[in-house]
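Chemist: As input, take query.txt (compact mmCIF, C-alpha atoms and all ligand atoms):
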# COMPACT_ATOMS: atom_id res chain seq x y z
CA MET A 1034 -103.07 -142.01 45.13
CA LYS A 1035 -102.62 -138.49 46.45
CA ASN A 1036 -102.24 -139.04 50.17
CA CYS A 1037 -100.35 -142.29 50.01
CA LEU A 1038 -96.73 -142.17 51.20
CA PHE A 1039 -95.55 -145.00 48.97
CA CYS A 1040 -97.27 -143.52 45.88
CA GLN A 1041 -95.43 -140.30 46.72
CA ILE A 1042 -92.10 -142.16 46.96
CA ALA A 1043 -92.85 -143.86 43.62
CA ALA A 1044 -93.61 -140.45 42.09
CA LYS A 1045 -90.41 -139.06 43.68
CA GLU A 1046 -92.42 -136.42 45.54
CA VAL A 1047 -91.03 -137.86 48.79
CA PRO A 1048 -87.38 -138.97 48.88
CA GLY A 1049 -86.64 -142.66 49.08
CA GLU A 1050 -83.45 -144.65 48.77
CA ILE A 1051 -84.49 -146.45 45.61
CA VAL A 1052 -82.48 -149.57 44.80
CA TYR A 1053 -84.51 -150.91 41.88
CA GLU A 1054 -87.23 -149.56 39.62
CA ASP A 1055 -88.94 -150.33 36.37
CA ASP A 1056 -92.25 -149.41 34.76
CA ASP A 1057 -94.28 -151.49 37.19
CA ILE A 1058 -92.43 -151.83 40.48
CA LEU A 1059 -90.11 -150.03 42.84
CA ALA A 1060 -87.78 -151.17 45.62
CA PHE A 1061 -86.34 -148.86 48.27
CA LYS A 1062 -84.62 -149.08 51.63
CA ASP A 1063 -86.86 -149.16 54.70
CA ILE A 1064 -86.42 -145.97 56.72
CA ASN A 1065 -86.37 -147.94 59.98
CA PRO A 1066 -84.46 -151.11 59.12
CA MET A 1067 -85.11 -154.25 61.19
CA ALA A 1068 -82.11 -156.05 59.71
CA PRO A 1069 -78.86 -155.07 57.93
CA VAL A 1070 -80.76 -155.57 54.67
CA HIS A 1071 -84.34 -154.28 54.75
CA ILE A 1072 -85.84 -153.40 51.39
CA LEU A 1073 -89.47 -152.65 50.57
CA ILE A 1074 -90.81 -153.76 47.20
CA ILE A 1075 -94.01 -152.15 45.93
CA PRO A 1076 -96.11 -151.96 42.77
CA ARG A 1077 -96.22 -148.45 41.29
CA LYS A 1078 -99.97 -148.92 41.03
CA HIS A 1079 -101.79 -148.11 44.24
CA ILE A 1080 -103.13 -151.35 45.73
CA SER A 1081 -104.08 -150.99 49.41
CA GLY A 1082 -102.80 -154.40 50.44
CA ILE A 1083 -103.08 -158.14 49.97
CA THR A 1084 -106.83 -158.20 50.52
CA SER A 1085 -107.36 -155.62 47.76
CA LEU A 1086 -105.59 -157.67 45.10
CA LYS A 1087 -107.65 -158.37 42.00
CA GLU A 1088 -107.38 -160.91 39.23
CA GLU A 1089 -105.83 -158.19 37.03
CA ASP A 1090 -102.95 -157.78 39.54
CA LYS A 1091 -101.65 -161.33 39.04
CA GLU A 1092 -98.91 -160.28 36.69
CA ILE A 1093 -97.59 -157.49 38.88
CA VAL A 1094 -97.45 -159.73 41.94
CA GLY A 1095 -95.60 -162.33 39.87
CA LYS A 1096 -93.19 -159.66 38.73
CA ILE A 1097 -92.58 -158.56 42.32
CA TYR A 1098 -91.82 -162.16 43.32
CA LEU A 1099 -89.35 -162.51 40.47
CA THR A 1100 -87.58 -159.38 41.69
CA PHE A 1101 -86.83 -160.76 45.17
CA SER A 1102 -83.93 -162.90 43.94
CA LYS A 1103 -82.51 -160.00 41.96
CA ILE A 1104 -82.49 -157.78 45.05
CA ALA A 1105 -81.19 -160.58 47.27
CA ARG A 1106 -78.26 -161.04 44.89
CA GLU A 1107 -77.57 -157.32 44.78
CA PHE A 1108 -77.44 -157.15 48.58
CA SER A 1109 -75.44 -160.38 48.94
CA VAL A 1110 -78.08 -162.34 50.85
CA TYR A 1111 -79.06 -164.71 48.03
CA GLN A 1112 -76.82 -167.51 49.33
CA CYS A 1113 -77.01 -166.98 53.09
CA GLY A 1114 -80.78 -166.45 53.05
CA PHE A 1115 -83.45 -163.82 53.46
CA ARG A 1116 -87.11 -163.46 54.37
CA VAL A 1117 -90.03 -161.87 52.55
CA ILE A 1118 -92.97 -160.60 54.61
CA ALA A 1119 -96.19 -158.79 53.74
CA ASN A 1120 -98.24 -157.53 56.67
CA SER A 1121 -102.00 -157.40 56.18
CA GLY A 1122 -104.30 -155.52 58.53
CA PRO A 1123 -104.06 -154.35 62.15
CA ASP A 1124 -103.09 -157.64 63.84
CA ALA A 1125 -100.11 -157.94 61.52
CA GLY A 1126 -99.19 -154.28 62.09
CA GLN A 1127 -99.72 -153.03 58.53
CA ALA A 1128 -98.91 -149.32 58.84
CA VAL A 1129 -98.87 -148.22 55.20
CA ASP A 1130 -101.91 -149.01 53.07
CA HIS A 1131 -100.03 -149.54 49.83
CA LEU A 1132 -99.12 -153.16 49.08
CA HIS A 1133 -95.51 -153.77 50.05
CA PHE A 1134 -93.21 -156.69 50.67
CA HIS A 1135 -90.38 -156.51 53.20
CA LEU A 1136 -87.18 -158.26 52.15
CA LEU A 1137 -85.05 -158.84 55.25
CA GLY A 1138 -81.61 -160.35 55.55
CA GLY A 1139 -78.02 -159.94 56.64
CA ARG A 1140 -78.52 -161.63 60.01
CA THR A 1141 -80.10 -164.78 61.40
CA LEU A 1142 -83.86 -164.21 61.51
CA SER A 1143 -85.79 -165.82 64.33
CA TRP A 1144 -88.83 -167.97 63.71
CA PRO A 1145 -91.69 -167.86 64.53
CA PRO A 1146 -91.98 -164.06 64.29
CA GLY A 1147 -93.47 -162.25 67.28
P1 LIG B 1 -95.81 -152.21 57.48
O1 LIG B 1 -95.79 -152.13 58.96
O2 LIG B 1 -95.74 -153.60 56.94
O3 LIG B 1 -96.96 -151.41 56.87
O4 LIG B 1 -94.47 -151.53 57.00
C1 LIG B 1 -94.32 -150.18 56.69
C2 LIG B 1 -92.84 -149.94 56.60
O5 LIG B 1 -92.64 -148.70 55.95
C3 LIG B 1 -92.15 -149.84 57.96
O6 LIG B 1 -91.15 -150.85 58.05
C4 LIG B 1 -91.56 -148.44 57.96
O7 LIG B 1 -90.31 -148.36 58.59
C5 LIG B 1 -91.48 -148.12 56.49
N1 LIG B 1 -91.50 -146.72 56.14
C6 LIG B 1 -92.32 -145.76 56.63
N2 LIG B 1 -92.06 -144.56 56.07
C7 LIG B 1 -91.04 -144.77 55.19
C8 LIG B 1 -90.31 -143.95 54.29
N3 LIG B 1 -90.56 -142.62 54.17
N4 LIG B 1 -89.32 -144.50 53.55
C9 LIG B 1 -89.02 -145.81 53.67
N5 LIG B 1 -89.69 -146.65 54.48
C10 LIG B 1 -90.69 -146.14 55.23
ZN ZN B 2 -100.21 -145.81 47.17
Would you mind writing the structure in this file as structure tokens?
Ligand code: AMP
Ligand code: ZN
Modeler:
Amino acid sequence: MKNCLFCQIAAKEVPGEIVYEDDDILAFKDINPMAPVHILIIPRKHISGITSLKEEDKEIVGKIYLTFSKIAREFSVYQCGFRVIANSGPDAGQAVDHLHFHLLGGRTLSWPPG
């Protein structure tokens, strides 16, 4: 989608610190990290967010979930632990309307989140 920041990062029109990519998904470092490890994982396809997911997106979401462990291993948080978050809508503070999952780690993460 033309005016979508994450589509632009996926298309390499906007720079991003990409740490993983394949035909369907992309992972890059968050520009404003909340933890020593803070990676965003997105589908290349523009999906506005969780509530826009369709039956046909099942496979891509599954693929994204299978990538979390791969990234966690790469950033050495597989053993010590990490958290995956997807914000949906204003109360959760979703700022970018392109489905994305935050992978956070490298420190003790408090629970419940604020
Ligand atoms: P959310 O609040 O869940 O929509 O998260 C959006 C995330 O995108 C925030 O953590 C931002 O720091 C991050 N972000 C915004 N612009 C960029 C960018 N150009 N490159 C990497 N991450 C970004
Ligand atoms: Zn997009």
Chemist: Rank A:Ile1051, A:Leu1136, A:Ile1080, A:Ile1058 by their smallest atom-to-atom distance to ligand ZN 2 (chain B), using only C-alpha atoms and all ligand atoms, and report the top residue only.
Modeler: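 For ligand ZN 2 (chain B), the nearest of the candidates is A:Ile1080.
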Chemist: Within 6 Å of ligand LIG 1 (chain B), counting all atoms listed in the file, which protein or nucleic acid residues do you find, written as an MDAnalysis selection string?
Modeler: chainID A and resid 1049 1062:1065 1120 1126:1129
Chemist: Using all atoms listed in the file, which protein or nucleic acid residues are at most 12 Å from ligand ZN 2 (chain B), as a ChimeraX atom specification?
Modeler: /A:1034-1044,1058-1059,1075-1082,1129-1133
Chemist: Nearest to A:Ile1072 among A:Pro1123, A:Pro1048, A:Gly1095, A:Gly1139, with distances taken over only C-alpha atoms: which residue is it?
Modeler: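 Between A:Pro1123, A:Pro1048, A:Gly1095, A:Gly1139, the residue approaching A:Ile1072 most closely is A:Gly1139.
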Chemist: So what do you get for atom CA of A:Arg1140 versus atom CA of A:Ala1068, distance-wise?
Modeler: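 Rounded to one decimal, the two atoms are 6.6 Å apart.
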Chemist: Counting only C-alpha atoms, write as an NGL selection string all protein and nucleic acid residues lying at most 12 Å from (-88.7, -159.7, 45.0) in the file's frame.
Modeler: :A and (1052-1054 or 1058-1061 or 1071-1076 or 1093-1107 or 1111 or 1115-1119 or 1133-1137)
Chemist: Could you state the separation of atom CA of A:Ser1109 and atom CA of A:Leu1142 in Å, given to one decimal place?
Modeler: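 According to the coordinates, atom CA of A:Ser1109 and atom CA of A:Leu1142 are separated by 15.6 Å.
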Chemist: I need the residue nearest A:Pro1066 from this list: A:Asp1124, A:Glu1088, A:Gly1138, A:Ile1083. Use only C-alpha atoms for the distance.
Modeler: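 Ranked by minimum distance to A:Pro1066, first place goes to A:Gly1138.
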Chemist: Padding 6 Å on every side, please: axis-aligned box over the listed atoms of stretch 1132-1141 of chain A, centre and edge lengths to one decimal in Å, as JSON.
Modeler:
{"center_x": -88.6, "center_y": -159.0, "center_z": 55.2, "size_x": 33.1, "size_y": 23.6, "size_z": 24.3}
Chemist: Quick one: pull the distance between atom CA of A:Val1047 and atom CA of A:Ser1121, Å, one decimal.
Modeler: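 Taking atom CA of A:Val1047 as the start and atom CA of A:Ser1121 as the end point, the length is 23.6 Å.
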Chemist: Determine the nearest neighbour of A:Gly1114 from the options A:Lys1045, A:Asp1090, A:Ser1085, A:Val1070, counting all atoms listed in the file.
Modeler: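 Nearest candidate to A:Gly1114 out of A:Lys1045, A:Asp1090, A:Ser1085, A:Val1070: A:Val1070.
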